[in-house]
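Visitor: I am attaching a structure below and will ask some questions about it afterwards.
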Amino acid sequence: MKQAPAILFLILLLGILCKAQDKPGLSYPVDPAQQIHPEMPKGEMLQFDFNNSKIFPGTNRTIWVYVPAQYQPNKPACIYVDMDGVQFNAPTVFDYLIYKGEMPVTIGVFISSGTVMKNDKEAIRYNRSHEFDSMNNDFVNFLLNELLPEVEKKKTADGRVLNISNDPNDRALAGASSGAICAFTAAWERPDIFSRVFSSIGTYVSMRGGDQYPGLIRKTEPKPIRIFLQDGSNDAWNPLFGSWFASNLNMEAALSFAGYEVAHSWGNGGHDGVQATAIFPDVMRWLWKGWPQKVQAGKTNNNMLAGILPEGEAWQQIHTPLNVISIISAPGGKILLQDSSGWINEVGVSDKIKPVIKIEAGAIACDSAGNIDVIKSNGSGLFSITANGKRRMIFKNITGKKLLITNTGNMYITKPAFNQNDHGELLLVKPGSKMTVVDEGVRFASAIAISPDRSMLFVAEDNTNWIYSYVIKNDGSLKYKERWYWLHQTDNYGYSQISDLAIDNEGNLYAATNMGIQVNDQNGRVRAILQLPYGPVTGLCFGGANFDTLFVICNGKLYKRKLKVKGVPSWTVPQQPQSIGAG
């Protein structure tokens, strides 16, 4: 019993020490960069209001711009963008670090989130969560296309214009809480524009999908981003969204698994800026270490990515003036592409492009003999076009969005619903037979593929995240329909916009979606995501001499990439992939 007062004293002392973690100066040493040094030149702060956004219409916000004393307009400066206004004592820290040569000459842009005002006096809509927590490219587009051009119009008091570097290696992003996930999302969406991120008490929780990031990071090909994460074990702004600290631990684990250059500092604080402010000088030293050496993409531990991507092979653009709208595989390693002017063009193994035929095609496919089968966009019929340009009518008065031809000559056609009363149909045309309906109910069928052994058919529905799987019977009809493949979407549009499918010799299904190429294993799970920094992928197929090159359409342009696996176009000889089992 005599020990009780002593134990009680220790408990009270421990409580006081824990609370002290949140008080400035009690838990963290003071870095000299946090203090004002009269002998060091101070940067200049500019301020203006911005209310002309088209991406976030009606919003008002204040912008602060820090220009270091060492800045000279004849050399582009690095840039640091903070989503939460002037925080972390950044101007004072920058004065010190730039003077000491511990970070490059950097212009700071500090942003407040947008607010819609009523009569310029009363806020009627706060945009912060909408702008910052959304997992899409709206905010980074706002930065690139609206705000930063406005910043570059400003001048210092002595008339220096602002010359900001366009090199992603010279660009950093930062934020706290919702601003932190916004900074990460901006770099994630545009690693070709931003390569350094400081995330403080980030909201990687279930507000607007941020809890998906750890899974996406593990599946997606690594990007050239260096990131520093900070959080405290008592961080819980609103626990209904999940564990904030656990979500940041998950982010760090995912980034490490995926090969990113990531550092972190975990404290005992809550949802505040105490620790982030204390460590900010060291964060900047780490983010800018080695500059101007480039931030590099790391090596992932994802076995699917390692299994399909050769080292050193990157996306290459096939330069063409054409606006490409669809592509298909053709014999001899060639591909056929359809452009917006109505021409079907051939791309050979040397990437030379030549026009083949002009026709108003709603859907095209190729058979093993090289004949091109076309469903005309006006619904007048299904034609087969030979290599010498002769046309043969197969069926009159037919409409369809996608066409697939098997090695036996069977044709599968997706016929989406065109009005409210339609159910959508999947059609089968066998050589010498009538057209039959083999399934109904896939109202917005957008893409189709067949397994390498020709035992299963896959049909995507573009207004969902699902791809259906069917077992093909001996007569070509279908059975055992299931929603099989589930795809990711993060753009807050509610679906993945699946526009095309292809399959490789291991039975992996490649889906062209609004967030890249999602590679699924035989059991219907996304295991890898390949991305281009240029927008949604709207078409893909395998080609090249060994069908080991993946061709894709992105923003109407044509790209290619060599893979370790080989594609199996529908019209080729069936192949039996090795089963991955039930795991």
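So you can find residues: chains in the structure tokens are A, B, ... in the order shown, residues in each start at 1, and ligands are numbered from 1 in order.
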Within 6 Å of region 310-327 of chain A, counting only C-alpha atoms, which residues show up once you throw out same-chain ones fewer than 6 positions away? Write them as a PDB file with N, CA and C atoms, in the first residue's frame, please.

Guide:
```
ATOM      1  N   LEU A 336      -3.371  -2.711 -86.518  1.00  0.00           N
ATOM      2  CA  LEU A 336      -4.226  -1.826 -87.309  1.00  0.00           C
ATOM      3  C   LEU A 336      -4.779  -0.766 -86.378  1.00  0.00           C
ATOM      4  N   LEU A 337      -4.742   0.462 -86.830  1.00  0.00           N
ATOM      5  CA  LEU A 337      -5.306   1.537 -86.025  1.00  0.00           C
ATOM      6  C   LEU A 337      -6.321   2.319 -86.838  1.00  0.00           C
ATOM      7  N   GLN A 338      -7.336   2.751 -86.141  1.00  0.00           N
ATOM      8  CA  GLN A 338      -8.405   3.547 -86.737  1.00  0.00           C
ATOM      9  C   GLN A 338      -8.237   4.982 -86.262  1.00  0.00           C
ATOM     10  N   ASP A 339      -8.256   5.935 -87.205  1.00  0.00           N
ATOM     11  CA  ASP A 339      -8.114   7.325 -86.801  1.00  0.00           C
ATOM     12  C   ASP A 339      -9.443   8.059 -86.915  1.00  0.00           C
ATOM     13  N   SER A 340      -9.467   9.269 -86.408  1.00  0.00           N
ATOM     14  CA  SER A 340     -10.720  10.022 -86.325  1.00  0.00           C
ATOM     15  C   SER A 340     -11.244  10.461 -87.679  1.00  0.00           C
ATOM     16  N   GLY A 539      -7.195   2.540 -75.512  1.00  0.00           N
ATOM     17  CA  GLY A 539      -7.077   1.394 -76.408  1.00  0.00           C
ATOM     18  C   GLY A 539      -5.759   0.689 -76.184  1.00  0.00           C
ATOM     19  N   GLY A 556      -5.244  10.179 -77.715  1.00  0.00           N
ATOM     20  CA  GLY A 556      -5.216  10.154 -79.169  1.00  0.00           C
ATOM     21  C   GLY A 556      -3.866   9.869 -79.773  1.00  0.00           C
ATOM     22  N   LEU A 558      -0.192   7.401 -79.942  1.00  0.00           N
ATOM     23  CA  LEU A 558       0.158   5.983 -79.933  1.00  0.00           C
ATOM     24  C   LEU A 558       1.493   5.788 -79.223  1.00  0.00           C
ATOM     25  N   TYR A 559       1.509   4.839 -78.268  1.00  0.00           N
ATOM     26  CA  TYR A 559       2.718   4.516 -77.518  1.00  0.00           C
ATOM     27  C   TYR A 559       2.934   3.004 -77.554  1.00  0.00           C
ATOM     28  N   LYS A 560       4.175   2.592 -77.293  1.00  0.00           N
ATOM     29  CA  LYS A 560       4.472   1.161 -77.241  1.00  0.00           C
ATOM     30  C   LYS A 560       5.472   0.888 -76.140  1.00  0.00           C
ATOM     31  N   ARG A 561       5.479  -0.381 -75.690  1.00  0.00           N
ATOM     32  CA  ARG A 561       6.423  -0.792 -74.656  1.00  0.00           C
ATOM     33  C   ARG A 561       6.658  -2.288 -74.762  1.00  0.00           C
ATOM     34  N   LYS A 564       7.976  -8.673 -71.045  1.00  0.00           N
ATOM     35  CA  LYS A 564       8.550 -10.016 -70.942  1.00  0.00           C
ATOM     36  C   LYS A 564       7.582 -11.080 -71.425  1.00  0.00           C
TER      37      LYS A 564
END
```

Visitor: Would you please extract all strand (DSSP E or B) residues from region 257-469 of chain A, as assigned by DSSP on the backbone, and give them as a ChimeraX atom specification?

Guide: /A:261-267,316-318,324-329,335-339,343-347,353-358,361-366,372-376,381-385,391-396,402-405,411-415,425-429,435-440,445-450,456-461,466-469

Visitor: With distances taken over only C-alpha atoms, which residue among A:Lys376, A:Arg208, A:Lys562, A:Lys223 lies nearest Trp188 (chain A)?

Guide: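 Among the listed residues, A:Lys223 lies closest to Trp188 (chain A).
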
Visitor: Quick one: residues within 6 Å of region 57-66 of chain A, only C-alpha atoms counted, chain neighbours fewer than 6 positions away excluded, as a compact mmCIF listing (two decimals) with C-alpha atoms, in the first residue's frame?

Guide:
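Here's the written file around.txt:
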```txt
# COMPACT_ATOMS: atom_id res chain seq x y z
CA GLU A 44 10.47 39.00 -50.00
CA MET A 45 6.83 37.98 -49.52
CA LEU A 46 4.23 38.87 -52.15
CA GLN A 47 0.49 38.44 -51.63
CA PHE A 48 -2.49 38.45 -53.95
CA ASP A 49 -6.01 37.07 -54.22
CA PHE A 50 -7.02 34.63 -56.93
CA ASN A 51 -10.66 34.24 -57.91
CA ILE A 107 10.46 30.30 -54.79
CA GLY A 108 7.74 29.38 -52.31
CA VAL A 109 4.08 29.46 -53.31
CA PHE A 110 1.68 29.18 -50.38
CA ILE A 111 -1.97 28.56 -51.20
CA SER A 112 -5.17 28.75 -49.23
CA GLY A 114 -10.91 27.96 -52.14
CA THR A 115 -14.04 29.42 -50.58
CA VAL A 116 -17.25 30.43 -52.31
```

Visitor: Write out as a PyMOL selection string which residues come within 10 Å of Ile372 (chain A) when counting only C-alpha atoms, dropping same-chain ones fewer than 2 positions away.

Guide: chain A and resi 330+336+344+357+364-370+374+383-387+389+391

Visitor: Output the selection as a PDB file, in the first residue's frame - N, CA and C atoms for each residue.

Guide:
```pdb
ATOM      1  N   ALA A 330      -2.852  -7.605 -85.653  1.00  0.00           N
ATOM      2  CA  ALA A 330      -2.972  -8.187 -86.990  1.00  0.00           C
ATOM      3  C   ALA A 330      -1.836  -9.180 -87.197  1.00  0.00           C
ATOM      4  N   LEU A 336      -3.371  -2.711 -86.518  1.00  0.00           N
ATOM      5  CA  LEU A 336      -4.226  -1.826 -87.309  1.00  0.00           C
ATOM      6  C   LEU A 336      -4.779  -0.766 -86.378  1.00  0.00           C
ATOM      7  N   ILE A 344      -8.505   3.330 -91.731  1.00  0.00           N
ATOM      8  CA  ILE A 344      -7.852   2.219 -91.042  1.00  0.00           C
ATOM      9  C   ILE A 344      -6.426   2.163 -91.566  1.00  0.00           C
ATOM     10  N   ILE A 357      -7.546   1.547 -95.752  1.00  0.00           N
ATOM     11  CA  ILE A 357      -8.866   1.777 -96.340  1.00  0.00           C
ATOM     12  C   ILE A 357      -9.608   2.800 -95.499  1.00  0.00           C
ATOM     13  N   ILE A 364     -13.922  -2.810 -85.479  1.00  0.00           N
ATOM     14  CA  ILE A 364     -13.068  -3.529 -86.419  1.00  0.00           C
ATOM     15  C   ILE A 364     -12.410  -4.700 -85.714  1.00  0.00           C
ATOM     16  N   ALA A 365     -12.082  -5.729 -86.492  1.00  0.00           N
ATOM     17  CA  ALA A 365     -11.342  -6.885 -85.992  1.00  0.00           C
ATOM     18  C   ALA A 365     -10.575  -7.477 -87.161  1.00  0.00           C
ATOM     19  N   CYS A 366      -9.651  -8.364 -86.836  1.00  0.00           N
ATOM     20  CA  CYS A 366      -8.835  -8.995 -87.867  1.00  0.00           C
ATOM     21  C   CYS A 366      -8.888 -10.499 -87.677  1.00  0.00           C
ATOM     22  N   ASP A 367      -8.789 -11.261 -88.783  1.00  0.00           N
ATOM     23  CA  ASP A 367      -8.753 -12.710 -88.661  1.00  0.00           C
ATOM     24  C   ASP A 367      -7.357 -13.220 -88.988  1.00  0.00           C
ATOM     25  N   SER A 368      -7.159 -14.522 -88.915  1.00  0.00           N
ATOM     26  CA  SER A 368      -5.831 -15.105 -89.076  1.00  0.00           C
ATOM     27  C   SER A 368      -5.279 -14.948 -90.487  1.00  0.00           C
ATOM     28  N   ALA A 369      -6.164 -14.704 -91.463  1.00  0.00           N
ATOM     29  CA  ALA A 369      -5.722 -14.507 -92.842  1.00  0.00           C
ATOM     30  C   ALA A 369      -5.401 -13.053 -93.143  1.00  0.00           C
ATOM     31  N   GLY A 370      -5.624 -12.178 -92.185  1.00  0.00           N
ATOM     32  CA  GLY A 370      -5.358 -10.767 -92.399  1.00  0.00           C
ATOM     33  C   GLY A 370      -6.533  -9.983 -92.941  1.00  0.00           C
ATOM     34  N   VAL A 374     -15.414  -5.399 -90.436  1.00  0.00           N
ATOM     35  CA  VAL A 374     -15.848  -4.069 -90.026  1.00  0.00           C
ATOM     36  C   VAL A 374     -17.352  -4.056 -89.824  1.00  0.00           C
ATOM     37  N   PHE A 383     -19.031  -6.204 -92.696  1.00  0.00           N
ATOM     38  CA  PHE A 383     -18.289  -6.473 -93.915  1.00  0.00           C
ATOM     39  C   PHE A 383     -16.974  -7.162 -93.588  1.00  0.00           C
ATOM     40  N   SER A 384     -16.498  -7.974 -94.542  1.00  0.00           N
ATOM     41  CA  SER A 384     -15.143  -8.502 -94.489  1.00  0.00           C
ATOM     42  C   SER A 384     -14.386  -7.902 -95.660  1.00  0.00           C
ATOM     43  N   ILE A 385     -13.206  -7.332 -95.383  1.00  0.00           N
ATOM     44  CA  ILE A 385     -12.414  -6.654 -96.406  1.00  0.00           C
ATOM     45  C   ILE A 385     -11.098  -7.400 -96.564  1.00  0.00           C
ATOM     46  N   THR A 386     -10.808  -7.864 -97.756  1.00  0.00           N
ATOM     47  CA  THR A 386      -9.594  -8.624 -98.020  1.00  0.00           C
ATOM     48  C   THR A 386      -8.407  -7.681 -98.181  1.00  0.00           C
ATOM     49  N   ALA A 387      -7.196  -8.272 -98.294  1.00  0.00           N
ATOM     50  CA  ALA A 387      -5.983  -7.478 -98.407  1.00  0.00           C
ATOM     51  C   ALA A 387      -5.967  -6.622 -99.669  1.00  0.00           C
ATOM     52  N   GLY A 389      -8.579  -5.182-100.892  1.00  0.00           N
ATOM     53  CA  GLY A 389      -9.628  -4.169-100.814  1.00  0.00           C
ATOM     54  C   GLY A 389     -11.019  -4.639-101.180  1.00  0.00           C
ATOM     55  N   ARG A 391     -14.687  -6.174-100.747  1.00  0.00           N
ATOM     56  CA  ARG A 391     -15.608  -6.211 -99.611  1.00  0.00           C
ATOM     57  C   ARG A 391     -16.641  -7.310 -99.791  1.00  0.00           C
TER      58      ARG A 391
END
```

Visitor: Could you produce a table of the residues of region 233-318 of chain A lying within 12 Å of region 498-512 of chain A, with the nearest pair of atoms per residue and their separation in Å rounded to one decimal, using only C-alpha atoms, ordered by chain and increasing residue number, as JSON lines?

Guide:
```
{"residue": "A:Met304", "atom": "CA", "partner": "A:Asn508", "partner_atom": "CA", "distance": 9.7}
{"residue": "A:Leu305", "atom": "CA", "partner": "A:Asn508", "partner_atom": "CA", "distance": 11.7}
{"residue": "A:Gly307", "atom": "CA", "partner": "A:Glu506", "partner_atom": "CA", "distance": 10.3}
{"residue": "A:Ile308", "atom": "CA", "partner": "A:Asp504", "partner_atom": "CA", "distance": 9.8}
```

Visitor: Rounded to one decimal in Å, what is the spacing between CA of Ser455 (chain A) and CA of Lys473 (chain A)?

Guide: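 So the answer is 7.8 Å.
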
Visitor: Identify, on the basis of only C-alpha atoms, every residue whose closest approach to region 285-301 of chain A does not exceed 7 Å; exclude the query and any residue fewer than 4 positions from it along the same chain; express the result as a list in words.

Guide: Glu102, Met103, Asn169, Ser195, Arg196, Pro222, Lys223, Pro224, Ile225, Arg226, Phe257, Ala258, Gly259, Tyr260 and Pro281 of chain A

Visitor: Keeping only C-alpha atoms, take the residues you just selected and write them out as a JSON list (two decimals), in the first residue's frame.

Guide:
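Written output follows (result-v3.json):
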```
[["chain", "number", "residue", "atom", "x", "y", "z"],
["A", 102, "GLU", "CA", 21.58, 23.45, -47.94],
["A", 103, "MET", "CA", 18.76, 23.79, -50.48],
["A", 169, "ASN", "CA", 13.34, 17.61, -60.27],
["A", 195, "SER", "CA", 9.07, 14.89, -57.81],
["A", 196, "ARG", "CA", 9.41, 15.90, -54.10],
["A", 222, "PRO", "CA", 7.07, 3.07, -59.25],
["A", 223, "LYS", "CA", 7.23, 6.76, -60.10],
["A", 224, "PRO", "CA", 10.18, 9.15, -59.64],
["A", 225, "ILE", "CA", 8.93, 10.71, -56.37],
["A", 226, "ARG", "CA", 10.83, 11.31, -53.12],
["A", 257, "PHE", "CA", 7.56, -2.08, -50.71],
["A", 258, "ALA", "CA", 7.20, -0.30, -54.05],
["A", 259, "GLY", "CA", 10.80, 0.94, -54.00],
["A", 260, "TYR", "CA", 10.23, 4.64, -53.34],
["A", 281, "PRO", "CA", 14.48, 22.23, -41.77]]
```

Visitor: Name the closest residue to Gly583 (chain A) among the candidates A:Gly267, A:Gly543, A:Gly524, A:Pro533; distances are taken between atoms, counting only C-alpha atoms.

Guide: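 Looking only at the distances to Gly583 (chain A), the closest residue turns out to be A:Gly524.
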
Visitor: Just list the residues in region 23-225 of chain A DSSP gives alpha helix (DSSP H) on the backbone, as a CSV table (one decimal) with C-alpha atoms, in the first residue's frame.

Guide:
```
chain,number,residue,atom,x,y,z
A,90,ALA,CA,8.9,28.2,-44.0
A,91,PRO,CA,10.1,31.7,-45.0
A,92,THR,CA,12.6,31.9,-42.1
A,93,VAL,CA,13.8,28.3,-42.8
A,94,PHE,CA,14.2,29.0,-46.5
A,95,ASP,CA,16.3,32.2,-45.7
A,96,TYR,CA,18.7,30.1,-43.7
A,97,LEU,CA,18.9,27.0,-45.8
A,98,ILE,CA,19.3,28.9,-49.1
A,99,TYR,CA,22.0,31.2,-47.5
A,100,LYS,CA,23.9,28.1,-46.2
A,128,ARG,CA,-10.9,22.5,-48.8
A,129,SER,CA,-11.9,18.8,-48.6
A,130,HIS,CA,-13.3,18.8,-52.2
A,131,GLU,CA,-10.1,20.3,-53.6
A,132,PHE,CA,-7.5,18.5,-51.4
A,133,ASP,CA,-8.9,15.1,-50.5
A,138,ASP,CA,-8.3,18.5,-60.8
A,139,PHE,CA,-6.0,20.3,-58.3
A,140,VAL,CA,-2.8,19.6,-60.1
A,141,ASN,CA,-4.4,20.9,-63.3
A,142,PHE,CA,-5.5,24.0,-61.3
A,148,LEU,CA,1.2,29.1,-61.4
A,149,PRO,CA,0.9,31.0,-64.7
A,150,GLU,CA,-0.7,33.8,-62.5
A,151,VAL,CA,2.3,33.6,-60.1
A,178,SER,CA,-5.9,17.3,-46.3
A,179,GLY,CA,-3.2,19.5,-47.8
A,180,ALA,CA,-0.8,16.6,-47.4
A,181,ILE,CA,-2.8,14.1,-49.4
A,182,CYS,CA,-3.4,16.8,-52.0
A,183,ALA,CA,0.4,17.3,-52.3
A,184,PHE,CA,0.9,13.5,-52.7
A,185,THR,CA,-2.0,13.2,-55.2
A,186,ALA,CA,-0.6,16.1,-57.3
A,187,ALA,CA,2.8,14.3,-57.6
A,188,TRP,CA,1.2,10.9,-58.1
A,189,GLU,CA,-0.9,12.2,-60.9
A,213,TYR,CA,-3.5,4.6,-51.8
A,214,PRO,CA,-1.4,1.9,-50.0
A,215,GLY,CA,-2.9,-0.8,-52.3
A,216,LEU,CA,-2.5,1.3,-55.4
A,217,ILE,CA,1.1,2.2,-54.6
A,218,ARG,CA,1.9,-1.5,-54.2
A,219,LYS,CA,0.3,-2.4,-57.5
```

Visitor: Select, from A:Leu309, A:Met456, A:Ala236, A:Leu229, the residue with the minimum atom-to-atom distance to Trp266 (chain A), counting only C-alpha atoms.

Guide: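 Smallest distance to Trp266 (chain A) is found for A:Leu229.
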
Visitor: Tell me, as number ranges by chain, which residues lie within 7 Å of Trp244 (chain A), counting only C-alpha atoms; anything in the same chain fewer than 3 positions away does not count.

Guide: A: 203-205, 235-236, 247-248

Visitor: Restricting it to C-alpha atoms, dump the selection as a CSV table (one decimal), in the first residue's frame.

Guide:
```csv
chain,number,residue,atom,x,y,z
A,203,THR,CA,-5.5,12.2,-44.5
A,204,TYR,CA,-4.9,8.8,-46.1
A,205,VAL,CA,-8.2,7.7,-44.6
A,235,ASP,CA,-3.3,11.9,-34.5
A,236,ALA,CA,-7.1,11.4,-34.8
A,247,SER,CA,-3.0,5.1,-42.4
A,248,ASN,CA,0.4,6.9,-42.5
```

Visitor: Just to confirm, what's the straight-line distance from CA of Phe56 (chain A) to CA of Gly535 (chain A) in Å (one decimal)?

Guide: 19.9 Å

Visitor: Give me the residues near Tyr71 (chain A) as a list in words, where near means some atom within 9 Å (using only C-alpha atoms) and where sequence neighbours in that chain fewer than 4 positions away do not count.

Guide: Gly43, Val67, Lys75, Pro76, Ala77, Val105, Thr106, Ile107, Arg160 and Leu162 of chain A
